[in-house]
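my_file.txt (compact mmCIF, C-alpha atoms)
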```txt
# COMPACT_ATOMS: atom_id res chain seq x y z
CA MET R 169 32.95 -7.26 15.66
CA ASN R 170 35.52 -6.59 18.35
CA ILE R 171 35.26 -2.87 17.78
CA PHE R 172 31.49 -3.14 18.00
CA ILE R 173 31.63 -4.90 21.37
CA ALA R 174 34.11 -2.36 22.71
CA PHE R 175 31.80 0.41 21.49
CA ILE R 176 28.79 -1.05 23.33
CA LEU R 177 30.83 -1.65 26.48
CA ALA R 178 32.10 1.90 26.40
CA ILE R 179 28.53 3.19 26.12
CA VAL R 180 27.30 1.07 29.03
CA SER R 181 30.23 1.95 31.21
CA SER R 182 29.86 5.70 30.73
CA MET R 183 26.08 5.38 31.06
CA LEU R 184 25.76 3.42 34.29
CA ILE R 185 29.06 2.65 35.97
CA ASP R 186 30.67 6.04 35.59
CA ASN R 187 27.36 7.88 35.54
CA VAL R 188 27.58 11.48 34.44
CA VAL R 189 25.60 13.00 37.30
CA LEU R 190 26.24 10.70 40.21
CA SER R 191 29.92 9.97 39.85
CA ARG R 192 31.34 12.62 37.53
CA PHE R 193 29.20 15.51 38.84
CA TYR R 194 28.37 17.06 35.48
CA GLY R 195 25.04 18.77 35.11
CA ILE R 196 24.04 18.95 38.77
CA CYS R 197 22.24 22.28 38.24
CA PRO R 198 19.52 20.95 35.87
CA PHE R 199 19.54 17.68 37.81
CA LEU R 200 18.39 19.55 40.91
CA GLY R 201 16.53 22.38 39.20
CA VAL R 202 14.40 20.66 36.54
CA SER R 203 13.53 17.43 38.32
CA LYS R 204 10.38 18.41 40.19
CA LYS R 205 8.07 17.02 37.51
CA VAL R 206 8.55 13.84 35.50
CA LYS R 207 7.38 15.47 32.27
CA SER R 208 9.76 18.41 32.41
CA SER R 209 12.70 16.22 33.37
CA LEU R 210 11.97 13.99 30.40
CA GLY R 211 11.93 17.06 28.12
CA MET R 212 15.21 18.33 29.55
CA GLY R 213 16.82 14.88 29.24
CA ILE R 214 15.86 14.47 25.59
CA ALA R 215 17.06 17.96 24.72
CA VAL R 216 20.39 17.23 26.44
CA VAL R 217 20.81 13.94 24.54
CA PHE R 218 20.26 15.81 21.29
CA VAL R 219 22.70 18.62 22.03
CA ILE R 220 25.44 16.37 23.44
CA LEU R 221 25.32 14.10 20.40
CA MET R 222 25.51 17.01 17.98
CA ALA R 223 28.26 18.70 20.00
CA THR R 224 30.39 15.54 20.07
CA LEU R 225 29.92 15.06 16.35
CA ILE R 226 31.06 18.63 15.63
CA CYS R 227 33.69 19.35 18.26
CA TRP R 228 35.95 16.34 17.81
CA PRO R 229 36.60 17.02 14.08
CA LEU R 230 36.86 20.73 14.88
CA TYR R 231 39.65 20.04 17.37
CA SER R 232 41.53 17.45 15.30
CA PHE R 233 41.19 18.98 11.84
CA VAL R 234 41.07 22.71 12.53
CA LEU R 235 42.52 23.73 15.89
CA VAL R 236 45.50 21.35 16.00
CA PRO R 237 46.67 21.94 12.40
CA ALA R 238 46.25 25.68 12.91
CA GLY R 239 48.52 25.47 15.96
CA VAL R 240 46.00 26.84 18.47
CA PRO R 241 44.86 23.81 20.51
CA PHE R 242 44.68 26.03 23.61
CA LEU R 243 41.65 27.80 22.15
CA ASP R 244 39.58 24.63 22.58
CA THR R 245 37.37 25.85 25.43
CA VAL R 246 36.47 29.09 23.64
CA ALA R 247 35.71 27.21 20.41
CA TYR R 248 33.61 24.55 22.13
CA ILE R 249 31.46 26.97 24.06
CA LEU R 250 30.78 28.95 20.88
CA VAL R 251 29.82 25.75 19.05
CA ILE R 252 27.54 24.68 21.89
CA ALA R 253 25.87 28.09 22.22
CA SER R 254 25.16 28.36 18.50
CA LEU R 255 24.11 24.70 18.37
CA VAL R 256 21.53 25.28 21.06
CA GLN R 257 20.16 28.24 19.11
CA LEU R 258 20.06 26.21 15.91
CA VAL R 259 18.39 23.22 17.51
CA GLY R 260 15.80 25.60 18.96
CA LEU R 261 15.06 27.14 15.55
CA PHE R 262 14.94 23.71 13.93
CA ILE R 263 12.48 22.25 16.42
CA LYS R 264 10.37 25.41 16.30
CA LYS R 265 10.05 25.12 12.53
CA PHE R 266 9.32 21.39 12.26
CA SER R 267 7.49 20.54 15.46
CA PRO R 268 5.89 23.49 17.26
CA SER R 269 4.32 21.19 19.84
CA LEU R 270 7.70 19.71 20.78
CA TYR R 271 9.12 23.23 20.87
CA LYS R 272 6.42 24.24 23.31
CA SER R 273 7.42 21.51 25.73
CA LEU R 274 11.21 21.71 25.19
CA GLY R 275 11.55 25.42 24.41
CA ILE R 276 12.23 26.71 27.90
CA TYR R 277 14.94 24.14 28.58
CA LEU R 278 16.95 24.84 25.47
CA PRO R 279 18.67 28.05 26.63
CA LEU R 280 19.51 26.31 29.92
CA ILE R 281 21.53 23.67 28.08
CA THR R 282 24.22 26.18 27.11
CA THR R 283 25.21 26.42 30.76
CA ASN R 284 24.77 22.70 31.43
CA CYS R 285 28.25 21.52 32.26
CA ALA R 286 27.49 18.01 30.99
CA VAL R 287 27.77 19.22 27.39
CA LEU R 288 31.04 21.11 27.73
CA GLY R 289 32.36 18.53 30.17
CA VAL R 290 31.91 15.63 27.76
CA VAL R 291 33.35 17.46 24.79
CA GLN R 292 36.28 18.83 26.77
CA SER R 293 37.18 15.52 28.41
CA ASN R 294 36.98 13.77 25.03
CA THR R 295 39.81 15.85 23.65
CA ASP R 296 41.67 16.27 26.95
CA GLN R 297 42.03 12.51 27.27
CA GLY R 298 43.01 12.17 23.62
CA MET R 299 40.18 9.82 22.66
CA ASP R 300 39.64 8.78 19.06
CA PHE R 301 36.44 9.58 17.23
CA LEU R 302 34.66 6.31 18.00
CA SER R 303 35.33 6.42 21.74
CA SER R 304 34.29 10.06 21.94
CA LEU R 305 31.06 9.14 20.20
CA ALA R 306 30.54 6.27 22.65
CA ASN R 307 31.28 8.61 25.54
CA GLY R 308 28.79 11.14 24.16
CA ILE R 309 26.01 8.59 23.70
CA GLY R 310 26.63 6.93 27.07
CA THR R 311 26.84 10.18 28.99
CA SER R 312 23.74 11.73 27.47
CA VAL R 313 21.57 8.62 27.81
CA GLY R 314 22.89 8.18 31.36
CA PHE R 315 21.83 11.74 32.13
CA LEU R 316 18.36 11.09 30.68
CA ILE R 317 17.86 7.91 32.72
CA ILE R 318 19.08 9.37 35.99
CA ILE R 319 17.12 12.63 35.76
CA VAL R 320 13.87 10.77 34.95
CA VAL R 321 14.35 8.23 37.77
CA PHE R 322 15.27 11.02 40.16
CA SER R 323 12.19 13.06 39.27
CA CYS R 324 9.96 10.03 39.83
CA ILE R 325 11.42 9.70 43.33
CA ARG R 326 11.07 13.43 43.97
CA VAL R 327 7.37 13.37 43.11
CA ARG R 328 6.94 10.76 45.83
CA LEU R 329 9.10 12.76 48.23
CA GLU R 330 6.76 15.75 47.93
CA THR R 331 4.07 13.90 49.84
CA ALA R 332 6.40 11.96 52.13
CA ASN R 333 6.60 12.88 55.78
CA THR R 334 10.13 14.32 55.94
CA PRO R 335 11.51 16.47 58.78
CA LYS R 336 10.75 20.12 58.20
CA ALA R 337 14.39 21.17 57.78
CA PHE R 338 14.98 18.47 55.16
CA LYS R 339 11.98 19.47 53.01
CA GLY R 340 12.82 20.17 49.37
CA LEU R 341 16.45 20.23 48.31
CA PRO R 342 18.24 18.61 51.30
CA ILE R 343 16.26 15.37 51.16
CA ALA R 344 16.64 15.34 47.37
CA LEU R 345 20.43 15.48 47.82
CA ILE R 346 20.37 12.64 50.34
CA THR R 347 18.30 10.65 47.82
CA ALA R 348 20.90 11.36 45.16
CA ALA R 349 23.56 10.07 47.55
CA LEU R 350 21.66 6.81 47.98
CA MET R 351 21.34 6.50 44.20
CA ALA R 352 25.09 7.05 43.88
CA ILE R 353 25.73 4.28 46.40
CA ALA R 354 23.42 1.98 44.41
CA LEU R 355 25.32 2.69 41.21
CA MET R 356 28.62 2.05 43.00
CA GLY R 357 27.55 -1.58 43.18
CA LEU R 358 27.97 -1.82 39.42
CA GLN R 359 31.66 -0.92 39.56
CA GLY R 360 33.93 -3.60 38.20
CA LEU R 361 31.08 -5.23 36.30
CA PHE R 362 33.20 -5.84 33.20
CA GLY R 363 36.36 -6.78 35.02
CA GLY R 364 37.64 -3.26 35.03
CA ILE R 365 37.35 -2.55 31.33
CA SER R 366 37.73 1.18 30.94
CA LEU R 367 37.44 3.59 28.08
CA MET A 191 33.11 59.02 53.02
CA ALA A 192 32.21 56.76 55.94
CA LYS A 193 28.88 56.10 54.33
CA GLU A 194 30.60 55.15 51.09
CA LYS A 195 32.84 52.75 52.96
CA GLY A 196 29.89 51.17 54.72
CA LYS A 197 28.11 50.68 51.42
CA ASN A 198 31.16 48.95 49.92
CA MET A 199 31.47 46.72 52.95
CA LYS A 200 27.81 45.78 52.66
CA ASN A 201 28.26 45.06 48.96
CA PHE A 202 31.22 42.83 49.78
CA LEU A 203 29.59 41.00 52.66
CA LYS A 204 26.36 40.17 50.87
CA GLY A 205 28.23 37.68 48.69
CA ILE A 206 29.51 35.89 51.75
CA ILE A 207 26.39 35.58 53.87
CA ALA A 208 23.07 36.95 52.65
CA GLU A 209 23.46 36.00 49.00
CA ASN A 210 26.04 33.22 49.27
CA PRO A 211 26.13 31.77 45.75
CA LEU A 212 26.37 28.14 46.84
CA PHE A 213 24.22 27.81 49.95
CA VAL A 214 21.57 30.45 49.31
CA SER A 215 21.24 30.68 45.53
CA ILE A 216 22.30 27.01 44.94
CA LEU A 217 24.50 27.98 41.98
CA GLY A 218 27.75 26.39 40.88
CA THR A 219 26.98 23.05 42.46
CA CYS A 220 29.01 20.90 40.06
CA PRO A 221 32.51 22.03 41.13
CA ALA A 222 31.29 22.29 44.73
CA LEU A 223 30.60 18.57 44.74
CA ALA A 224 33.46 17.46 42.51
CA THR A 225 36.42 19.39 43.89
CA THR A 226 35.79 19.15 47.63
CA LYS A 227 37.54 15.85 48.25
CA SER A 228 40.39 17.63 49.97
CA LEU A 229 40.67 21.05 51.53
CA GLU A 230 43.60 22.01 49.33
CA ALA A 231 41.74 21.21 46.13
CA ALA A 232 38.82 23.32 47.31
CA ILE A 233 41.09 26.26 48.13
CA GLY A 234 42.73 25.96 44.70
CA MET A 235 39.39 25.78 42.95
CA GLY A 236 38.08 28.78 44.87
CA PHE A 237 41.22 30.74 44.06
CA LEU A 238 41.04 30.09 40.30
CA PHE A 239 37.30 30.71 40.31
CA THR A 240 37.68 34.06 42.09
CA ILE A 241 40.32 35.21 39.60
CA VAL A 242 38.03 34.40 36.67
CA LEU A 243 35.05 36.06 38.34
CA ILE A 244 36.94 39.27 39.14
CA CYS A 245 38.56 39.59 35.70
CA SER A 246 35.39 38.92 33.78
CA SER A 247 33.33 41.24 35.98
CA ILE A 248 35.79 44.08 35.42
CA LEU A 249 35.87 43.58 31.66
CA VAL A 250 32.09 43.20 31.33
CA SER A 251 31.61 46.32 33.41
CA LEU A 252 34.11 48.26 31.27
CA LEU A 253 32.38 47.18 28.07
CA ARG A 254 28.83 47.51 29.36
CA LYS A 255 28.02 50.50 27.14
CA LEU A 256 29.55 48.91 24.02
CA ILE A 257 27.89 45.49 24.10
CA SER A 258 24.38 45.67 22.71
CA GLU A 259 21.43 43.96 24.31
CA GLU A 260 20.92 41.22 21.70
CA ILE A 261 24.39 39.73 21.64
CA ARG A 262 25.26 40.14 25.29
CA THR A 263 25.11 36.47 26.39
CA PRO A 264 27.47 35.16 23.66
CA ALA A 265 29.77 38.13 24.27
CA TYR A 266 29.92 37.44 28.00
CA ILE A 267 30.54 33.74 27.41
CA VAL A 268 33.47 34.50 25.11
CA ILE A 269 34.94 36.92 27.66
CA ILE A 270 34.61 34.34 30.42
CA ALA A 271 36.01 31.53 28.25
CA THR A 272 39.04 33.65 27.43
CA PHE A 273 39.83 34.25 31.08
CA VAL A 274 39.26 30.59 31.88
CA THR A 275 41.77 29.63 29.18
CA LEU A 276 44.29 32.07 30.67
CA VAL A 277 43.75 30.68 34.18
CA LYS A 278 44.03 27.14 32.86
CA MET A 279 47.39 27.88 31.25
CA PHE A 280 48.54 29.66 34.42
CA ALA A 281 47.61 26.62 36.54
CA ASN A 282 49.27 24.25 34.09
CA ALA A 283 52.49 26.24 34.24
CA PHE A 284 52.76 27.08 37.94
CA LEU A 285 50.55 24.62 39.82
CA PRO A 286 50.70 21.39 37.79
CA GLU A 287 49.45 19.24 40.68
CA LEU A 288 46.38 21.43 41.05
CA TYR A 289 45.84 21.31 37.30
CA SER A 290 45.83 17.53 37.20
CA THR A 291 43.65 17.23 40.33
CA LEU A 292 40.94 19.59 39.13
CA GLY A 293 41.18 18.34 35.56
CA VAL A 294 38.25 19.26 33.37
CA PHE A 295 36.63 21.30 36.14
CA ILE A 296 38.91 24.25 35.42
CA SER A 297 37.43 24.42 31.92
CA LEU A 298 33.97 24.02 33.39
CA ILE A 299 34.27 27.39 35.17
CA VAL A 300 33.05 28.71 31.78
CA VAL A 301 29.61 27.23 32.32
CA ASN A 302 29.50 27.97 36.04
CA CYS A 303 26.22 29.82 36.45
CA ILE A 304 27.69 32.19 39.06
CA VAL A 305 30.13 33.86 36.69
CA LEU A 306 27.58 34.38 33.92
CA GLY A 307 24.93 35.30 36.48
CA ARG A 308 27.06 38.04 38.07
CA ALA A 309 28.05 39.37 34.64
CA GLU A 310 24.42 39.55 33.58
CA ALA A 311 22.82 40.66 36.83
CA TYR A 312 25.43 42.97 38.28
CA ALA A 313 28.50 43.87 36.21
CA SER A 314 26.50 44.84 33.12
CA LYS A 315 24.62 47.49 35.10
CA ASN A 316 27.13 48.86 37.60
CA THR A 317 30.42 50.75 37.69
CA VAL A 318 33.78 49.00 37.55
CA LYS A 319 34.49 49.60 41.23
CA ASP A 320 31.16 48.24 42.43
CA SER A 321 31.46 45.22 40.14
CA LEU A 322 34.96 44.52 41.44
CA ILE A 323 33.75 44.56 45.05
CA ASP A 324 30.73 42.43 44.18
CA ALA A 325 32.89 39.88 42.35
CA LEU A 326 35.37 39.76 45.23
CA GLY A 327 32.57 39.15 47.72
CA MET A 328 30.97 36.45 45.61
CA GLY A 329 34.33 34.75 44.98
CA VAL A 330 35.31 34.76 48.65
CA GLY A 331 31.82 33.57 49.62
CA TYR A 332 31.98 30.70 47.18
CA THR A 333 35.50 29.76 48.28
CA LEU A 334 34.48 29.71 51.94
CA ALA A 335 31.42 27.63 51.11
CA ILE A 336 33.35 24.94 49.24
CA MET A 337 36.04 25.02 51.93
CA LEU A 338 33.37 24.23 54.52
CA MET A 339 32.25 21.23 52.49
CA ALA A 340 35.83 20.10 51.98
CA ILE A 341 36.60 20.34 55.69
CA PHE A 342 33.78 17.91 56.51
CA ARG A 343 34.60 15.59 53.63
CA GLU A 344 38.33 15.40 54.21
CA PHE A 345 38.10 15.08 57.98
CA LEU A 346 35.42 12.38 57.94
CA GLY A 347 36.79 10.62 54.89
CA THR A 348 40.48 10.41 55.78
CA GLY A 349 40.45 11.11 59.51
CA GLY A 350 42.41 14.34 59.36
CA PHE A 351 43.97 16.89 57.03
CA SER A 352 46.99 16.77 54.75
CA PHE A 353 48.70 19.77 53.22
CA GLY A 354 51.43 20.14 50.65
CA VAL A 355 50.10 17.41 48.35
CA ILE A 356 48.63 19.80 45.79
CA PHE A 357 50.39 23.03 46.68
CA THR A 358 53.86 21.59 46.34
CA PHE A 359 55.58 24.86 47.29
CA ILE A 360 54.72 24.34 50.98
CA PRO A 361 56.22 21.46 52.98
CA GLU A 362 54.16 18.32 53.21
CA VAL A 363 52.33 18.04 56.51
CA SER A 364 49.63 15.61 57.46
CA TRP A 365 47.61 15.43 60.65
CA LEU A 366 45.55 12.25 60.83
CA PRO A 367 44.42 11.66 64.42
CA LEU A 368 41.40 9.54 63.46
CA GLU A 369 42.87 7.64 60.53
CA LYS A 370 41.62 4.31 61.92
CA PHE A 371 38.06 5.53 62.03
CA ALA A 372 37.97 7.14 58.57
CA ILE A 373 34.60 6.76 56.84
CA ASN A 374 35.62 6.09 53.29
CA ILE A 375 32.28 6.99 51.74
CA PHE A 376 32.81 10.70 52.39
CA GLN A 377 35.67 10.63 49.87
CA MET A 378 33.36 9.10 47.28
CA PRO A 379 30.71 10.89 45.19
CA ALA A 380 27.89 9.77 47.50
CA GLY A 381 29.56 11.51 50.44
CA ALA A 382 29.54 14.82 48.57
CA PHE A 383 25.78 14.65 48.15
CA ILE A 384 25.28 13.71 51.80
CA VAL A 385 27.46 16.55 53.11
CA PHE A 386 25.82 19.11 50.84
CA GLY A 387 22.33 17.89 51.79
CA ILE A 388 23.05 18.02 55.51
CA ILE A 389 24.59 21.51 55.32
CA LEU A 390 21.51 22.76 53.45
CA ALA A 391 19.24 21.10 56.01
CA VAL A 392 21.08 22.75 58.91
CA LEU A 393 20.80 26.13 57.20
CA ALA A 394 17.09 25.54 56.57
CA PHE A 395 16.67 24.57 60.24
CA ILE A 396 18.33 27.81 61.40
CA LYS A 397 16.21 29.83 58.99
CA ASN A 398 13.02 28.10 60.10
CA ARG A 399 13.81 28.73 63.75
CA LYS A 400 14.47 32.39 63.10
CA ALA A 401 11.20 32.68 61.21
CA GLU A 402 9.34 30.88 64.01
CA LYS A 403 10.84 33.14 66.65
CA LYS A 404 9.91 36.19 64.63
CA ALA A 405 6.39 34.90 64.13
CA ALA A 406 6.04 34.14 67.84
CA LEU A 407 7.29 37.63 68.75
CA GLU A 408 4.87 39.18 66.30
CA LYS A 409 2.03 37.12 67.73
CA LEU A 410 2.88 38.23 71.26
CA GLU A 411 3.04 41.84 70.12
CA LYS A 412 -0.33 41.50 68.42
CA GLN A 413 -1.87 39.95 71.52
CA ARG A 414 -0.52 42.74 73.68
CA LYS A 415 -1.88 45.35 71.29
CA ALA A 416 -5.25 43.64 71.14
CA GLU A 417 -5.43 43.53 74.93
CA GLU A 418 -4.47 47.17 75.15
CA ALA A 419 -7.11 48.07 72.61
CA LYS A 420 -9.65 46.05 74.56
CA LYS A 421 -8.68 47.79 77.79
CA ALA A 422 -8.85 51.17 76.10
CA ALA A 423 -12.24 50.32 74.65
CA ALA A 424 -13.47 49.10 78.03
CA ALA A 425 -12.16 52.26 79.68
CA ALA A 426 -13.81 54.41 77.05
CA GLN A 427 -17.06 52.54 77.53
CA ALA A 428 -16.83 52.91 81.28
CA GLN A 429 -16.22 56.60 80.85
CA ALA A 430 -19.16 56.86 78.48
CA VAL A 431 -21.35 55.03 80.95
CA GLU A 432 -20.13 57.28 83.73
CA GLY A 433 -20.78 60.32 81.58
CA GLY A 434 -24.28 58.99 80.83
CA ASN A 435 -24.94 58.50 84.52
CA LYS A 436 -23.91 61.98 85.24
```
Kindly present the structure from the file in structure tokens form.
Amino acid sequence: MNIFIAFILAIVSSMLIDNVVLSRFYGICPFLGVSKKVKSSLGMGIAVVFVILMATLICWPLYSFVLVPAGVPFLDTVAYILVIASLVQLVGLFIKKFSPSLYKSLGIYLPLITTNCAVLGVVQSNTDQGMDFLSSLANGIGTSVGFLIIIVVFSCIRVRLETANTPKAFKGLPIALITAALMAIALMGLQGLFGGISL
Amino acid sequence: MAKEKGKNMKNFLKGIIAENPLFVSILGTCPALATTKSLEAAIGMGFLFTIVLICSSILVSLLRKLISEEIRTPAYIVIIATFVTLVKMFANAFLPELYSTLGVFISLIVVNCIVLGRAEAYASKNTVKDSLIDALGMGVGYTLAIMLMAIFREFLGTGGFSFGVIFTFIPEVSWLPLEKFAINIFQMPAGAFIVFGIILAVLAFIKNRKAEKKAALEKLEKQRKAEEAKKAAAAAQAQAVEGGNK
């Protein structure tokens, strides 16, 4: 039971308090690039959740049971990026085969995920910080769901911003960045929610 | 020879101003926001980034005839990841403070869109020398861009600048004239977004003004031409009338 509570807390803390985009700065490129429409941001978010989960499930055992015993832990980055790139390809093929309609809506975002730093960032920081399997899984779930929530909320705000009367120089990206700053300040209010329990 | 030199200079400068990877193409935003807390960290990040960019551009350009079209993206990623691993080990050995400050963001150079983008768009199609100059320009441009962000963030956030904290081989110096008035939020994540947004807005403002000026000039020119044409037409008509009278 205690492990279960710690697991849930770890998920919530990496999802909201230490949010992936707004306080750890992973995945800013898709956050700014694919957030103009709510539908496309939802597609991107779901695809990212999928890939991050799979990558965490594969890369942690790969590091602990293959790279470390083989004496080449410094090859981690090369191994991870290969796993992620092939995973993205595989996920694409899989979705294409079983749900062509989902593929149609997700298809264009899949190649972009390879260069999404959220995926590599999560996997890399899991092993860099020496987490065990359960906390890396919690970190993976929390980070990916946090990314999904933030990108969808952000795109909802951006749709409104399109019609808002902003100064001409701030149109488009600048005002979006200021909005992101305000969101980051809002999330800062959650810090210390669990009495400083950290991962 | 002079022409060749001018072309190289142009190739180098385009990465700094006209095609600045951060402010114009909006690429590589993650490290730009995450590593600009202090000026030193930004310089270190830019330095490591430029090394990776130059090495991978040279190697991709050397191998451009060997790597076939279908497998080029995975091949480029492996090349980049190898250089990133080398740089990471170099930083760990010689600049341990920098290594611990930048943390996972050194590894994340692998997925920095600029490196892959230059490999794909430039190095895979051009000679080694041109790719080297292009990579150098892009690297310096990116470094200057993140340094600009770091200058604002460190000055507003701490009230001055400190050196020697990360680069331990130089003596520690700090200059904090406005320490009492430091605005803490610029050291936090939110401050990074604000600074980046305001810089982009200022650039957009300058661009808009230039475009407006150009449009106004063009309008004036058009008006002048139209008036001239009118005058010419009137003169021609007057002549015709005169001719008719005669």
Taking all atoms listed in the file into account and nothing else, which residues of chain R lie no more than 9 Å away from chain A? Please answer as a PyMOL selection string. chain R and resi 190-197+242-247+249-250+253-254+282-285+288-289+292-293+296+336-339+341-353+356
Could you write out the selected residues, including C-alpha atoms, as an mmCIF file, in the frame of the given file?
```
data_model
loop_
_atom_site.group_PDB
_atom_site.id
_atom_site.type_symbol
_atom_site.label_atom_id
_atom_site.label_comp_id
_atom_site.auth_asym_id
_atom_site.auth_seq_id
_atom_site.Cartn_x
_atom_site.Cartn_y
_atom_site.Cartn_z
ATOM 1 C CA LEU R 190 26.240 10.700 40.210
ATOM 2 C CA SER R 191 29.920 9.970 39.850
ATOM 3 C CA ARG R 192 31.340 12.620 37.530
ATOM 4 C CA PHE R 193 29.200 15.510 38.840
ATOM 5 C CA TYR R 194 28.370 17.060 35.480
ATOM 6 C CA GLY R 195 25.040 18.770 35.110
ATOM 7 C CA ILE R 196 24.040 18.950 38.770
ATOM 8 C CA CYS R 197 22.240 22.280 38.240
ATOM 9 C CA PHE R 242 44.680 26.030 23.610
ATOM 10 C CA LEU R 243 41.650 27.800 22.150
ATOM 11 C CA ASP R 244 39.580 24.630 22.580
ATOM 12 C CA THR R 245 37.370 25.850 25.430
ATOM 13 C CA VAL R 246 36.470 29.090 23.640
ATOM 14 C CA ALA R 247 35.710 27.210 20.410
ATOM 15 C CA ILE R 249 31.460 26.970 24.060
ATOM 16 C CA LEU R 250 30.780 28.950 20.880
ATOM 17 C CA ALA R 253 25.870 28.090 22.220
ATOM 18 C CA SER R 254 25.160 28.360 18.500
ATOM 19 C CA THR R 282 24.220 26.180 27.110
ATOM 20 C CA THR R 283 25.210 26.420 30.760
ATOM 21 C CA ASN R 284 24.770 22.700 31.430
ATOM 22 C CA CYS R 285 28.250 21.520 32.260
ATOM 23 C CA LEU R 288 31.040 21.110 27.730
ATOM 24 C CA GLY R 289 32.360 18.530 30.170
ATOM 25 C CA GLN R 292 36.280 18.830 26.770
ATOM 26 C CA SER R 293 37.180 15.520 28.410
ATOM 27 C CA ASP R 296 41.670 16.270 26.950
ATOM 28 C CA LYS R 336 10.750 20.120 58.200
ATOM 29 C CA ALA R 337 14.390 21.170 57.780
ATOM 30 C CA PHE R 338 14.980 18.470 55.160
ATOM 31 C CA LYS R 339 11.980 19.470 53.010
ATOM 32 C CA LEU R 341 16.450 20.230 48.310
ATOM 33 C CA PRO R 342 18.240 18.610 51.300
ATOM 34 C CA ILE R 343 16.260 15.370 51.160
ATOM 35 C CA ALA R 344 16.640 15.340 47.370
ATOM 36 C CA LEU R 345 20.430 15.480 47.820
ATOM 37 C CA ILE R 346 20.370 12.640 50.340
ATOM 38 C CA THR R 347 18.300 10.650 47.820
ATOM 39 C CA ALA R 348 20.900 11.360 45.160
ATOM 40 C CA ALA R 349 23.560 10.070 47.550
ATOM 41 C CA LEU R 350 21.660 6.810 47.980
ATOM 42 C CA MET R 351 21.340 6.500 44.200
ATOM 43 C CA ALA R 352 25.090 7.050 43.880
ATOM 44 C CA ILE R 353 25.730 4.280 46.400
ATOM 45 C CA MET R 356 28.620 2.050 43.000
#
```
Which residues are near Ile207 in chain A? Cut-off 9 Å, only C-alpha atoms, ignore same chain within fewer than 5 positions. Put them as a PyMOL selection string. chain A and resi 213-214+331
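Relative to CA of Ser258 in chain A, CA of Tyr277 in chain R is found at 24.2 Å.
Taking CA of Ile356 in chain A and CA of Met339 in chain A as endpoints, the distance between them is 17.8 Å.
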Computed interatomic separation between CA of Ala215 in chain R and CA of Ile281 in chain R (Å):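 About the pair CA of Ala215 in chain R and CA of Ile281 in chain R: they are 8.0 Å apart.
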Around (29.5, 44.8, 33.0) in the file's own coordinates, what residues are found within 9 Å if you use all atoms listed in the file, given back as a compact mmCIF listing (two decimals) with C-alpha atoms, keeping the file's coordinate frame?
```
# COMPACT_ATOMS: atom_id res chain seq x y z
CA SER A 246 35.39 38.92 33.78
CA SER A 247 33.33 41.24 35.98
CA ILE A 248 35.79 44.08 35.42
CA LEU A 249 35.87 43.58 31.66
CA VAL A 250 32.09 43.20 31.33
CA SER A 251 31.61 46.32 33.41
CA LEU A 252 34.11 48.26 31.27
CA LEU A 253 32.38 47.18 28.07
CA ARG A 254 28.83 47.51 29.36
CA LYS A 255 28.02 50.50 27.14
CA TYR A 266 29.92 37.44 28.00
CA ARG A 308 27.06 38.04 38.07
CA ALA A 309 28.05 39.37 34.64
CA GLU A 310 24.42 39.55 33.58
CA ALA A 311 22.82 40.66 36.83
CA TYR A 312 25.43 42.97 38.28
CA ALA A 313 28.50 43.87 36.21
CA SER A 314 26.50 44.84 33.12
CA LYS A 315 24.62 47.49 35.10
CA ASN A 316 27.13 48.86 37.60
CA THR A 317 30.42 50.75 37.69
CA VAL A 318 33.78 49.00 37.55
CA SER A 321 31.46 45.22 40.14
```
When you look at Phe351 in chain A with a cut-off of 8 Å (counting all atoms listed in the file), what residues show up, excluding the ones that are within fewer than 2 positions of it in the same chain? I need them as a VMD selection string. chain A and resid 228 to 229 344 to 345 348 to 349 353 364 to 366
Pick from A:Pro211, A:Gln427, A:Glu402, A:Phe357: nearest to Pro286 in chain A, with all atoms listed in the file counted?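 Once distances to Pro286 in chain A are computed over all atoms listed in the file, the minimum belongs to A:Phe357.
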Measuring between all atoms listed in the file, which one of R:Leu270, R:Leu184, R:Ala286, R:Ile176 shows the shortest distance to Gly211 in chain R?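 Going through R:Leu270, R:Leu184, R:Ala286, R:Ile176 one by one, the smallest distance to Gly211 in chain R is for R:Leu270.
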List as a CSV table (one decimal) with C-alpha atoms, in the frame of the given file: which residues have an atom within 10 Å of (27.0, 2.2, 23.4), counting only C-alpha atoms?
```csv
chain,number,residue,atom,x,y,z
R,172,PHE,CA,31.5,-3.1,18.0
R,173,ILE,CA,31.6,-4.9,21.4
R,174,ALA,CA,34.1,-2.4,22.7
R,175,PHE,CA,31.8,0.4,21.5
R,176,ILE,CA,28.8,-1.0,23.3
R,177,LEU,CA,30.8,-1.6,26.5
R,178,ALA,CA,32.1,1.9,26.4
R,179,ILE,CA,28.5,3.2,26.1
R,180,VAL,CA,27.3,1.1,29.0
R,181,SER,CA,30.2,2.0,31.2
R,182,SER,CA,29.9,5.7,30.7
R,183,MET,CA,26.1,5.4,31.1
R,303,SER,CA,35.3,6.4,21.7
R,305,LEU,CA,31.1,9.1,20.2
R,306,ALA,CA,30.5,6.3,22.6
R,307,ASN,CA,31.3,8.6,25.5
R,308,GLY,CA,28.8,11.1,24.2
R,309,ILE,CA,26.0,8.6,23.7
R,310,GLY,CA,26.6,6.9,27.1
R,311,THR,CA,26.8,10.2,29.0
R,313,VAL,CA,21.6,8.6,27.8
```
I'd like the neighbourhood of range 326-332 of chain R as a list of chain:residue names, where a residue qualifies if any of its atoms comes within 8 Å (using all atoms listed in the file), though same-chain residues fewer than 6 positions away should be ignored. R:Ser203, R:Lys204, R:Lys205, R:Val206, R:Gly340, R:Ala344
